[in-house]
Amino acid sequence: MAKLDPATTTVAHRFVLPERLRNFGQTYGGLTALLLIILYDILFRPHFLQVQSLYNDLQEVAPIAIIATGMTLVIATGGIDLSVGSLMAFAGAMAAVIFLSPALSNIPLLGNMLALIIPLIVTGLLGLFNGFLITRFRIQPIIATLVLFIAGRGMALVLSNDKLQDFNNPGFQFIGQGSVLGVPFQVILMIIIVAVFAVIMRITTFGRYVLATGGNEAAARLAGIPVNRVKLAVYTISALLAALAGFIIIAINSSSDATRVGLNGELDAIAAVAVGGTPLTGGQASVPGTLIGALIVYLIGATLVSQNVSFGVAQIIKAAIILLAVYFQRQRKG
Amino acid sequence: MADISTTKVSGSNRLATGWTRSKSTLQRQGPLIALVILVLFGAFRYDNFFSTYNFLTVVSYNTTFGLIALGMTFVMMTGGIDLSVGSLAALCSVVAALASPFGLLAAIGAAALAGLIVGLFNGWVIAWLRIPPFLATLAMLLAARGMALVLAKDATVSVNATSDWAGLSQGILFGIPLPVFLLLAYAIGSIVLNLTRFGRHVLAIGGNEEAARLMGLPVERIKLAVYAISGVLAGLAGALLAGQTFTGSTNEAVGWELTAIAAVVVGGTLLTGGMGSVWGSLVGVLLLGLVFNILDFENGFGFISLGVSWQSVIRGVFLLIVVLVQSRLTRAKKVRLGQEPSGP
Amino acid sequence: MNQSDPLLQMEHISKAFPGVVALVDAHLSVNRGEVHALVGQNGAGKSTLIKIFTGAYRRDSGSIIFDGRAIDFQSPQQAQNNGISTIYQEINLVPFRSVAENVFMTREPRRWGFIDWRKMRAETATLLKRLSVSIDVTQPLMNYNIAIQQMVAIARAISFESKLVVMDEPTSSLNEREVETLFTIIRQLKADGVSVIFVGHRLDELYAICDRVTIMRDGRTVDVREMKGLPKVELVAKMLGKDLGEVRRHGQTSFEVGQHHVEQEVLLEARGLRRGRVLQGASVNVHAGEIVGLAGLLGSGRSEVARAVFGADPLEQGEVRVEGKQVHFHSPADAIHAGIGFCPEDRKMDGIIPYLSVRENLTLAALPTLARNGIVSREKQQEIVDHFIRRLGIKTTGPEQKIRELSGGNQQKVLLARWLCLNPKLLILDEPTRGIDVGAKAEIQALIEELAEKGLGVLMISSELEELLEGSDRVVVLHDGQTVASLDRQDISLNAVLAVMAHGDDDNSLETANKEEDVQHGEA
């Protein structure tokens with residue numbers, strides 16, 4: 001019973017922001033930051049408000065926002081999914097292989113449909129695999145998802161025979177290049193997904209279960225919550241959303257380059273979640289916050305580029321922002 | 001006065017200890033056995049397999065991985081992970097190329113220094129800012145490549161090659177074959193791990209960080225040190241990379257950390273830390289390297305054609321198998337000692 | 001330095017944490033070469049006191065004199081370096097490392113800068129030999145059973161040439177033979193002039209090995225006595241704050257000592273429960289409308305019975321029947337489905353979801369019933385939450401307040417409400433009023449009674465005897481994982497319960513208790 005708590009024995013010199021500032025930051029920080037950045041862009045970034053430029057921005061953000069939504073759920077349960085980037089590449093490669101296959105290239109409608117459905121199912125199963133490793137074998141999420149992090153892109157390359165797959169498939173490309181009523185399709189997709197999951201997290205039993213599992217797993221179990229099933233579900237969801245994001249990317253580029261699709265996707269997703277205010281320790285989640293986080297991270301990068309900051313420096317700044325966001329989040333927990 | 005050593009040997013305890021012993025032996029020597037089997041397999045099957053040329057090629061090619069895996073071993077033994085080593089190697093290759101006008105030694109030194117600085121930063125963020133290792137090093141993965149781009153001014157930097165450099169691409173450094181250096185590095189690593197307090201403390205932290213802290217170990221400083229070591233070794237690997245390609249390239253070394261992780265884990269170091277082997281990592285690197293070498297030979301035969309992309313799949317599969325095995329072993333140990341109930 | 005001075009003298013120690021006062025004027029005095037017991041129930045303050053003089057906590061006030069000097073250790077390492085070693089209940093060693101390494105961690109012997117393995121092994125073996133242990137010190141610690149691991153921990157403690165060794169529940173994982181070996185070692189330490197502080201709760205052990213005992217309760221030192229000649233019952237009584245011979249006065253709790261309407265219908269029958277080292281065949285029954293109190297000392301298996309019945313921990317052996325039908329609960333969800341609810345002992349660890357609101361925590365278990373097509377009906381939730389906030393008098397700024405901001409008492413009410421939402425048949429309550437202010441305590445007790453009157457069966461675990469005695473229709477006493485007594489209403493008395501708790505299933509424990517009482521009052 002005299003178990004020493006290291007937190008009380010080690011000298012923890014941590015700078016803690018005053019309470020008021022913290023609370024404000026927590027509720028409005030994200031939005032404020034976003035507005036500030038947008039303001040800056042309006043003032044200093046040429047053509048920012050032009051429709052074409054806005055479209056570009058939104059198009060780039062969409063896939064990230066989508067996988068970040070899945071990541072939000074996973075992180076809310078106290079876990080992490082490092083495999084999303086690789087799964088994006090995998091799903092994209094599989095889709096291209098399907099609709100480019102000789103058998104189906106003459107039946108575009110069937111080809112496209114199968115190209116959407118099959119990779120979705122397979123990627124979903126891979127997500128289930130992640131969840132299985134974590135629940136059945138009690139492997140830590142970092143390690144469990146590391147497996148697909150390593151192997152997923154390779155599997156994508158194998159599928160595509162190491163080749164870049166160019167295509168001209170208007171049906172499929174609509175996902176990335178088409179627009180509905182003037183709004184790019186993937187932006188609509190992003191909005192729908194964010195909205196759907198925001199609602200799910202707020203008002204469904206599943207959403208409450210996710211938060212309870214991450215908030216206090218032991219208590220959740222004692223309250224009758226099927227914790228394992230919840231975890232399996234979130235990893236599957238994360239994988240499915242990664243597949244969607246993969247589709248979008250290859251549709252935008254009209255090609256599937258398995259070495260580049262989703263590269264660093266997991267980092268972007270984690271950054272969006274962290275900046276958006278969802279703690280990495282789990283138990284709380286804000287899907288809308290993640291969207292704001294994704295926008296912030298993306299816009300900072302885009303702004304820097306537009307100001308002729310070199311790509312390299314932009315990467316460094318992005319990495320620094322991620323670290324700062326996580327660091328301040330730990331501060332918030334006090 | 002009862003001699004309680006007898007309690008250990010009685011009944012089920014004896015079985016348990018015996019089982020642990022043989023399982024541990026298997027775990028420890030398994031990779032080595034596999035390595036030997038592969039060597040024999042290759043020797044029988046392929047003509048040129050057992051040639052000095054082939055071996056030198058394999059080992060030289062894997063020297064960079066070997067160096068990184070050595071650093072990764074120490075990091076993972078503390079229960080951490082370093083995902084930035086690939087990018088760091090690329091960064092340091094640029095540094096080496098930039099320093100090459102001052103000579104090979106300067107280039108190597110500069111690269112190692114750059115690696116050290118980045119490694120120290122990683123260690124600081126992880127040990128003192130308490131940011132989870134995977135996240136901190138994942139961010140550094142991004143940042144290091146960015147720094148490489150900045151230093152290289154978005155181009156590739158050519159190595160100002162002197163005659164010393166020429167040997168590197170052939171696998172020779174200052175007249176000594178690279179494998180010797182690799183062995184030397186591992187020997188030093190092994191000595192540090194087994195014969196210094198520092199090495200033992202590294203393992204203690206990974207085994208039970210709280211207990212280690214309670215026993216008075218300077219946990220933060222040790223963590224700082226292992227990430228610094230990982231950084232330096234990545235730096236050296238970067239210098240080697242520059243020597244092999246005669247350029248400081250910002251696009252190289254992608255995914256090297258994953259190879260290293262797979263090799264370290266296959267070599268017997270637990271992903272969760274606390275237990276491991278320096279030489280095991282070398283065996284792991286060679287094992288993976290041989291697997292790919294054999295795949296190359298098989299490709300040549302035309303029986304199968306497995307592209308380069310299969311490599312990461314194979315690494316992933318290796319990782320998966322080892323992780324599953326490791327998870328069973330660690331769970332079995334916990335159950336036997338009454339720390340966890342044997343239920344689901 | 002006078003050799004007859006106490007080795008350790010702590011006086012007027014107080015320590016408060018935000019929201020909780022752990023120690024109020026605690027004393028502890030340990031002589032040289034003495035084995036000194038430190039006892040008290042959960043929350044008595046033993047751990048805090050120990051953490052203070054071993055350097056893990058800083059005291060708020062009071063003085064500590066160790067070996068003739070006033071001390072104020074800033075860290076456990078400092079305490080260790082000054083001669084105080086602590087052996088924790090959990091083995092705080094590194095399981096993967098060898099025995100020798102664990103013993104010498106941070107002080108590994110060196111030769112020319114490199115570790116001298118031979119010396120380390122030899123010295124470890126020598127140390128262990130002093131403890132009558134001969135094992136292969138190169139094996140990883142985890143290859144050995146708990147008893148040996150304890151010995152290694154002790155060897156490490158001794159190797160620091162300590163003057164004082166604190167042992168916190170060292171026997172909790174040991175069998176009889178291993179305990180005997182441990183005692184031999186303790187006697188040896190004593191002979192060498194080393195003092196030992198023994199924190200434990202198994203009375204037989206304390207009586208076997210300790211010279212004196214310091215009894216703590218509610219953050220204070222209640223008494224310091226010689227073990228010899230101290231009747232067990234009196235020891236237990238002091239731990240629990242009772243005076244022997246005290247006449248039961250009604251109205252000390254909110255339980256009305258009247259009749260409950262106990263129906264014949266048996267709700268729960270649990271028989272022969274076995275699990276690990278703690279549950280050794282315990283049994284308990286609960287009828288509808290009955291409040292069964294589960295009594296016993298720390299470690300007797302009460303919480304384990306509760307968790308096993310609720311399906312939270314798997315049973316190795318035993319049979320559980322609900323309303324006559326045998327059940328096999330694989331998880332709490334099964335038990336909940338069968339109409340059972342459970343408030344765990346540790347609200348913080350097992351009860352509340354800290355960052356979620358009162359509303360969310362309250363309706364957590366009931367969500368499936370409040371949702372249609374997976375969507376939670378906010379109105380129904382609101383309704384239920386408002387209802388219970390009123391009904392139970394939960395003090396909160398509103399249903400949306402984060403539960404971690406509520407006081408202990410109100411958190412407990414929310415947790416209770418969590419189950420009441422579901423109209424359970426049986427409610428298992430583990431320390432329902434622990435850490436709660438007097439007002440809330442009364443409310444909760446009244447509530448439990450009301451529920452029983454409506455036909456709910458209640459299995460209540462409480463370390464507060466008044467609660468147990470006044471509230472229960474029947475008291476089941478556990479001792480070392482077994483049921484040793486089931487006392488009906490008319491047989492329930494303080495003495496009876498204390499006696500059984502103290503002596504377990506010794507024959508004639510009641511008789512012995514009465515004899516002791518007589519001795520106490522000078523009548524024998």
# chains A, B, ... in the order shown; residues from 1 in each chain; ligands from 1

$ residues_around --residues "region 201-204 of chain A" --least-positions-apart "5" --cutoff "6 Å" --atoms "only C-alpha atoms" --output "list in words"
Gly374, Ile375 and Val376 of chain C

$ residues_around --residues "Ile188 (chain A)" --least-positions-apart "4" --cutoff "12 Å" --atoms "only C-alpha atoms" --output "list in words"
Tyr55, Leu58, Gln59, Val61, Ala62, Pro63, Ala65, Ile66, Ile175, Gly176, Gln177, Gly178, Ser179, Val180, Leu181, Gly182, Val183, Pro184, Ile192, Ile193, Val194, Ala195, Val196 and Ile248 of chain A

$ write_last_selection --atoms "N, CA and C atoms" --output "compact mmCIF listing (two decimals), in the first residue's frame"
# COMPACT_ATOMS: atom_id res chain seq x y z
N TYR A 55 -10.64 26.75 -53.35
CA TYR A 55 -10.92 25.38 -53.72
C TYR A 55 -9.70 24.51 -53.52
N LEU A 58 -9.16 23.81 -49.89
CA LEU A 58 -10.11 22.85 -49.33
C LEU A 58 -9.86 21.44 -49.86
N GLN A 59 -9.51 21.36 -51.13
CA GLN A 59 -9.25 20.05 -51.70
C GLN A 59 -8.11 19.35 -50.99
N VAL A 61 -7.09 19.91 -47.95
CA VAL A 61 -7.40 19.62 -46.55
C VAL A 61 -8.32 18.41 -46.41
N ALA A 62 -9.20 18.25 -47.39
CA ALA A 62 -10.25 17.24 -47.24
C ALA A 62 -9.76 15.86 -46.81
N PRO A 63 -8.81 15.28 -47.55
CA PRO A 63 -8.42 13.93 -47.14
C PRO A 63 -7.84 13.90 -45.72
N ALA A 65 -8.56 15.94 -43.26
CA ALA A 65 -9.63 16.09 -42.28
C ALA A 65 -10.37 14.77 -42.10
N ILE A 66 -10.49 14.02 -43.19
CA ILE A 66 -11.23 12.76 -43.10
C ILE A 66 -10.48 11.74 -42.25
N ILE A 175 -14.60 11.74 -57.78
CA ILE A 175 -14.40 11.84 -56.33
C ILE A 175 -13.43 12.97 -56.00
N GLY A 176 -12.40 13.09 -56.82
CA GLY A 176 -11.37 14.06 -56.51
C GLY A 176 -11.47 15.33 -57.30
N GLN A 177 -12.08 15.22 -58.46
CA GLN A 177 -12.05 16.38 -59.34
C GLN A 177 -13.42 16.95 -59.65
N GLY A 178 -14.41 16.22 -59.30
CA GLY A 178 -15.75 16.70 -59.65
C GLY A 178 -16.27 17.67 -58.61
N SER A 179 -17.33 18.32 -58.96
CA SER A 179 -17.95 19.20 -57.96
C SER A 179 -19.46 19.16 -58.10
N VAL A 180 -20.10 19.42 -57.00
CA VAL A 180 -21.55 19.45 -56.98
C VAL A 180 -21.98 20.87 -56.63
N LEU A 181 -22.76 21.44 -57.47
CA LEU A 181 -23.21 22.82 -57.25
C LEU A 181 -22.01 23.73 -56.97
N GLY A 182 -20.95 23.46 -57.67
CA GLY A 182 -19.80 24.35 -57.53
C GLY A 182 -18.86 24.01 -56.39
N VAL A 183 -19.27 23.12 -55.52
CA VAL A 183 -18.38 22.77 -54.41
C VAL A 183 -17.68 21.46 -54.76
N PRO A 184 -16.37 21.42 -54.58
CA PRO A 184 -15.65 20.17 -54.90
C PRO A 184 -16.23 19.00 -54.14
N ILE A 192 -19.67 16.08 -44.87
CA ILE A 192 -20.62 15.05 -44.44
C ILE A 192 -20.00 14.18 -43.36
N ILE A 193 -18.78 13.74 -43.62
CA ILE A 193 -18.14 12.83 -42.66
C ILE A 193 -17.93 13.51 -41.32
N VAL A 194 -17.41 14.72 -41.36
CA VAL A 194 -17.19 15.43 -40.10
C VAL A 194 -18.51 15.62 -39.37
N ALA A 195 -19.52 16.01 -40.13
CA ALA A 195 -20.82 16.24 -39.49
C ALA A 195 -21.36 14.94 -38.89
N VAL A 196 -21.31 13.89 -39.69
CA VAL A 196 -21.85 12.62 -39.21
C VAL A 196 -21.16 12.17 -37.94
N ILE A 248 -9.75 9.55 -52.61
CA ILE A 248 -9.76 10.96 -52.98
C ILE A 248 -8.42 11.39 -53.58

$ closest_atom_pairs --of "chain B" --to "chain A" --cutoff "7 Å" --atoms "only C-alpha atoms" --output "Markdown table"
| residue | atom | partner | partner_atom | distance |
| --- | --- | --- | --- | --- |
| B:Ile131 | CA | A:Tyr327 | CA | 6.9 |
| B:Ala136 | CA | A:Leu323 | CA | 6.9 |
| B:Leu138 | CA | A:Leu267 | CA | 7.0 |
| B:Ala139 | CA | A:Ala319 | CA | 4.9 |
| B:Met140 | CA | A:Ala319 | CA | 6.6 |
| B:Leu142 | CA | A:Gln315 | CA | 6.1 |
| B:Ala143 | CA | A:Ile316 | CA | 4.2 |
| B:Gly146 | CA | A:Gly312 | CA | 3.7 |
| B:Met147 | CA | A:Gly312 | CA | 5.9 |
| B:Leu149 | CA | A:Gly312 | CA | 4.9 |
| B:Val150 | CA | A:Gly312 | CA | 5.2 |
| B:Glu210 | CA | A:Pro6 | CA | 6.8 |
| B:Leu258 | CA | A:Ile150 | CA | 6.3 |
| B:Ser309 | CA | A:Gly154 | CA | 4.9 |
| B:Trp310 | CA | A:Gly154 | CA | 5.9 |
| B:Ser312 | CA | A:Gly154 | CA | 5.0 |
| B:Val313 | CA | A:Ala151 | CA | 4.2 |
| B:Arg315 | CA | A:Ala151 | CA | 6.9 |
| B:Gly316 | CA | A:Ala151 | CA | 4.6 |
| B:Leu319 | CA | A:Val147 | CA | 6.4 |
| B:Leu320 | CA | A:Val147 | CA | 6.1 |
| B:Ser327 | CA | A:Ile139 | CA | 6.8 |

$ residues_around --residues "region 178-186 of chain C" --least-positions-apart "6" --cutoff "10 Å" --atoms "only C-alpha atoms" --output "ChimeraX atom specification"
/B:1-4,7 /C:34-35,130-133,146-148,150-151,154,165,170-172,192,194-196,198,205,208-210

$ write_last_selection --atoms "C-alpha atoms" --output "mmCIF file, in the first residue's frame"
data_model
loop_
_atom_site.group_PDB
_atom_site.id
_atom_site.type_symbol
_atom_site.label_atom_id
_atom_site.label_comp_id
_atom_site.auth_asym_id
_atom_site.auth_seq_id
_atom_site.Cartn_x
_atom_site.Cartn_y
_atom_site.Cartn_z
ATOM 1 C CA MET B 1 15.573 -22.789 9.554
ATOM 2 C CA ALA B 2 13.916 -23.570 6.289
ATOM 3 C CA ASP B 3 16.068 -23.013 3.274
ATOM 4 C CA ILE B 4 13.639 -21.454 0.911
ATOM 5 C CA THR B 7 10.615 -23.798 -2.584
ATOM 6 C CA GLU C 34 12.543 -3.632 17.828
ATOM 7 C CA VAL C 35 9.920 -5.105 15.560
ATOM 8 C CA ARG C 130 22.373 -14.621 5.375
ATOM 9 C CA LEU C 131 18.692 -14.903 4.595
ATOM 10 C CA SER C 132 18.963 -18.649 4.133
ATOM 11 C CA VAL C 133 18.359 -18.367 0.441
ATOM 12 C CA ILE C 146 6.955 -13.999 -5.025
ATOM 13 C CA ALA C 147 8.469 -15.278 -1.819
ATOM 14 C CA ILE C 148 11.943 -15.281 -3.257
ATOM 15 C CA GLN C 150 10.488 -10.571 -1.444
ATOM 16 C CA MET C 151 13.713 -12.001 -0.117
ATOM 17 C CA ILE C 154 14.953 -7.597 1.637
ATOM 18 C CA VAL C 165 13.593 -1.490 7.547
ATOM 19 C CA PRO C 170 5.223 -8.224 3.208
ATOM 20 C CA THR C 171 3.178 -11.363 3.740
ATOM 21 C CA SER C 172 0.262 -10.619 1.465
ATOM 22 C CA ASP C 192 21.691 -7.575 14.548
ATOM 23 C CA VAL C 194 18.145 -3.456 13.045
ATOM 24 C CA SER C 195 14.654 -2.146 13.712
ATOM 25 C CA VAL C 196 11.711 -3.252 11.633
ATOM 26 C CA PHE C 198 5.851 -4.084 10.084
ATOM 27 C CA GLU C 205 1.309 -12.678 12.211
ATOM 28 C CA ALA C 208 3.918 -13.779 16.321
ATOM 29 C CA ILE C 209 6.648 -11.389 15.376
ATOM 30 C CA CYS C 210 6.060 -7.889 16.709
#

$ closest_atom_pairs --of "chain A" --to "chain C" --cutoff "6 Å" --atoms "only C-alpha atoms" --output "JSON lines"
{"residue": "A:Ala2", "atom": "CA", "partner": "C:Ser47", "partner_atom": "CA", "distance": 5.0}
{"residue": "A:Thr9", "atom": "CA", "partner": "C:Ala56", "partner_atom": "CA", "distance": 5.7}
{"residue": "A:Ile203", "atom": "CA", "partner": "C:Val376", "partner_atom": "CA", "distance": 5.6}
{"residue": "A:Thr204", "atom": "CA", "partner": "C:Ile375", "partner_atom": "CA", "distance": 4.3}
{"residue": "A:Thr205", "atom": "CA", "partner": "C:Gly374", "partner_atom": "CA", "distance": 5.7}
{"residue": "A:Gly215", "atom": "CA", "partner": "C:Ile353", "partner_atom": "CA", "distance": 5.5}
{"residue": "A:Asn216", "atom": "CA", "partner": "C:Ile353", "partner_atom": "CA", "distance": 5.4}
{"residue": "A:Ala218", "atom": "CA", "partner": "C:Asp350", "partner_atom": "CA", "distance": 5.4}
{"residue": "A:Ala219", "atom": "CA", "partner": "C:Asp350", "partner_atom": "CA", "distance": 4.2}
{"residue": "A:Leu222", "atom": "CA", "partner": "C:Pro332", "partner_atom": "CA", "distance": 5.5}
{"residue": "A:Ala223", "atom": "CA", "partner": "C:Ala365", "partner_atom": "CA", "distance": 5.2}
{"residue": "A:Gly224", "atom": "CA", "partner": "C:Ala333", "partner_atom": "CA", "distance": 4.0}
